[in-house]
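Asker: Provided herewith is a single structure, encoded as structure tokens, for subsequent inquiry.
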Amino acid sequence: MFKKILIANRGEIALRVIRAAREMGIQSVAVHSTADSDAMHVRMADEAICVGPPPGTDSYLSMPAIISACEITGAEAIHPGYGFLSENANFVQIVEDHALKFIGPTAEHIRIMGDKITAKETMKNLGVPCVPGSDGGVPDLDEAYKVGDEIGYPVIVKATAGGGGRGMKLANSKAEMENAFRTARSEGKSAFGNDEVYIEKYLGTPRHIEIQVFGDGKGRAVHLGERDCSLQRRHQKVFEEAPGPAIDAKTRAKIGKVCADAVASINYAGAGTIEFLYENDEFYFIEMNTRLQVEHPVTEAIFGVDLVQEQIRVAAGEEMSFQQKDLEVNGHAIEVRINAEKVPAFTPCPGKITQYHAPGGLGVRMDSALYDGYSIPPYYDSLIAKLIVHAADRPTALARLKRALGELIVDGIDTTTPLFDALLQEDAVLTGDYNIHWLEKWLEANTPE
Ligand code: ADP
């Protein structure tokens, strides 16, 4: 097992990894920008090292600085968390070239899945059901019109390199195709340096269902059921739950096996998530994330596993600690993402926390890097806390979430907690009867002019 690992990330996810490592007797090294000298991950790690100025590109994304930090501190492996360098195949290659271990899948698997066209092709060949659409990239507008006529409008034009909800444009009709095509291309180019796009049938009322998979890199893999992440704003998840309210045990076992077999056959290593849209009892693959997801705690709650420790174990060459037969759903878990943003406009709201109190009690987990007097810097993602609740069933989990939100105090800045207070009054949320468009529509109807 590793003696020391470096965490190439910040915020709650850096803490998450430090905690997992400490329980395993592994020393942790935090890296930080000059804006994060007082951050919790710096305080909690065994060692910390400054890797550059505030902008992410100059610090958390600086490969030479991160590799040097490993060399200076003697860390043997790097956990990337999510975001930043977590899905950068070149980084993985560089890490390996320096005789260090990347805690995650191989560069090749990251590369395949990072390009959505190649990912879709690969999954299709592995027997995973996909959204109907263009066969690979669509080079020009004429071809785009042809595809649109073939699969029928509405369609969605997607940048193959897209992510985080960017590089996607809807065309409701032929008249909207030109604009959607050009916009998706230019967003792909400017945000991801790649203007290749493909086209998919736009599904009207699907749920976002994702399957957690885990592989040992040697041909064995399991699935850990699904998460329903349909409550989204601007294609970004805000509320996630497991199990999915619309998925029964038989459906879970069936799609889970398809996913586990697919990743086993490519010798996938570590945690991965296969994302689907789910409509009329059918699954349609949209993408695979080759890393730990923000919402992984709901899966940990219902299966009683530690996915980060499992990632570390597999990266160190040890056997996985669970098999498919060990994995049984226990109860219901919900996560809400609390952002430093002011509703209803969701404007970023960094600043100094004058008072912080985290909720507690049975079945409550608060993953956050906040503390009293902490100043949230303006340079990074606005996620400041994940509140996760676990209970015997969904109604009890909802009641627990409401109770826990009531205990939370974050003074000095605005957060998105009022959104969750309001959502917990809504029938659709209480009954689990929602799809990926529900929240946008609700926000439109409930936002004052
Ligand atoms: P990203 O990589 O940016 O997260 P995804 O391909 O995972 O992009 O899609 C993100 C979200 O966009 C989905 O969860 C869903 O809400 C919406 N979406 C993606 N593809 C489609 C589609 N074919 N039809 C309808 N909605 C879609």
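We label chains A, B, ... in the order they appear in the structure tokens, count residues from 1 in each chain, and number ligands from 1 in the order shown.
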Quick one: everything within 7 Å of region 12-29 of chain A, counting only C-alpha atoms, minus sequence neighbours fewer than 3 positions away in the same chain. Send it as a list in words.
Answerer: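 Those residues are Phe2, Lys3, Lys4, Ile5, Leu6, Ile7, Asn9, His41, Ala45, Asp46, Glu47, Ala48, Gly81, Val308, Gln309, Asp367, Ser368, Ala369 and Ala385 of chain A.
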Asker: Grab me every residue within 10 Å of ligand 1, counting only C-alpha atoms and all ligand atoms, and send it over as a PyMOL selection string.
Answerer: chain A and resi 114-116+130-133+154-170+199-210+228-237+274-278+284-289+435-437
Asker: I'd like the contact shell of Met320 (chain A) - 8 Å cut-off, only C-alpha atoms, skipping same-chain residues fewer than 4 positions apart - returned as a list in words.
Answerer: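 The filter keeps Asp216, Glu310, Arg313 and Val314 of chain A.
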Asker: Env of Gly152 (chain A): 9 Å cut, atoms = only C-alpha atoms, seq-sep filter 4 positions within chain, self excluded. Answer as a PyMOL selection string.
Answerer: chain A and resi 147-148+173+201
Asker: Residues near Arg403 (chain A), anyone? I mean within 10 Å using only C-alpha atoms, not counting same-chain ones fewer than 3 positions away, as a PyMOL selection string.
Answerer: chain A and resi 359-361+364+397-400+406-408
Asker: Looking at only C-alpha atoms, which of A:Phe192, A:Trp442, A:Phe214, A:Tyr379 is the one that sits closest to Asp36 (chain A)?
Answerer: A:Tyr379
Asker: Provide the CA of Val31 (chain A) to CA of Ile312 (chain A) distance in Å, to one decimal place.
Answerer: 18.3 Å
Asker: Might you pull out every residue within 9 Å of Tyr145 (chain A), with only C-alpha atoms counted and same-chain residues fewer than 5 positions away left off, and present them as a CSV table (one decimal) with N, CA, C and O atoms, in the first residue's frame?
Answerer:
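To be explicit, this is the file written out as selection_25.csv:
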```
chain,number,residue,atom,x,y,z
A,140,ASP,N,-20.4,19.1,-41.6
A,140,ASP,CA,-20.9,20.3,-42.1
A,140,ASP,C,-22.4,20.4,-42.0
A,140,ASP,O,-23.1,19.5,-41.7
A,150,GLU,N,-33.4,12.6,-41.0
A,150,GLU,CA,-33.5,11.2,-40.8
A,150,GLU,C,-34.0,10.8,-39.4
A,150,GLU,O,-34.9,10.0,-39.3
A,174,LYS,N,-35.9,22.3,-38.4
A,174,LYS,CA,-34.8,22.6,-39.4
A,174,LYS,C,-34.4,24.0,-39.3
A,174,LYS,O,-33.2,24.3,-39.5
A,177,MET,N,-31.6,24.6,-37.0
A,177,MET,CA,-30.4,23.8,-37.1
A,177,MET,C,-29.1,24.6,-37.3
A,177,MET,O,-28.1,24.4,-36.6
A,178,GLU,N,-29.2,25.6,-38.2
A,178,GLU,CA,-28.0,26.3,-38.5
A,178,GLU,C,-27.4,26.9,-37.3
A,178,GLU,O,-26.2,26.8,-37.0
```
Asker: Looking only at strand (DSSP E) from DSSP on the backbone, list the matching residues of region 136-363 of chain A as a ChimeraX atom specification.
Answerer: /A:155-163,166-171,197-201,207-216,221-233,236-242,269-279,282-289,332-339,341-342,347-348,351-352,355-357
Asker: Please extract the residues of region 41-183 of chain A with a backbone DSSP assignment of alpha helix (DSSP H) and present them as a count of residues only.
Answerer: 63
Asker: Hey, which of A:Thr290, A:Asn172, A:Asn330, A:Thr431 ends up closest to Gln311 (chain A)? Count only C-alpha atoms.
Answerer: A:Thr290
Asker: For Val336 (chain A), which residue out of A:Leu370, A:Ala301, A:Leu405, A:Ala316 is the nearest one, using only C-alpha atoms?
Answerer: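 The answer is A:Leu405, which sits nearest to Val336 (chain A).
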Asker: Residues within 9 Å of Val213 (chain A), please, as a PyMOL selection string. Count only C-alpha atoms; anything in the same chain fewer than 5 positions from it doesn't count.
Answerer: chain A and resi 221-225+256+259-260+263+270-274
Asker: Enter the distance from CA of Val51 (chain A) to CA of Ala69 (chain A), in Å, rounded to one decimal.
Answerer: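 It comes out at 7.4 Å.
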Asker: Interatomic distance between CA of Ala35 (chain A) and CA of Pro54 (chain A)?
Answerer: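 For CA of Ala35 (chain A) relative to CA of Pro54 (chain A), the distance reads 5.2 Å.
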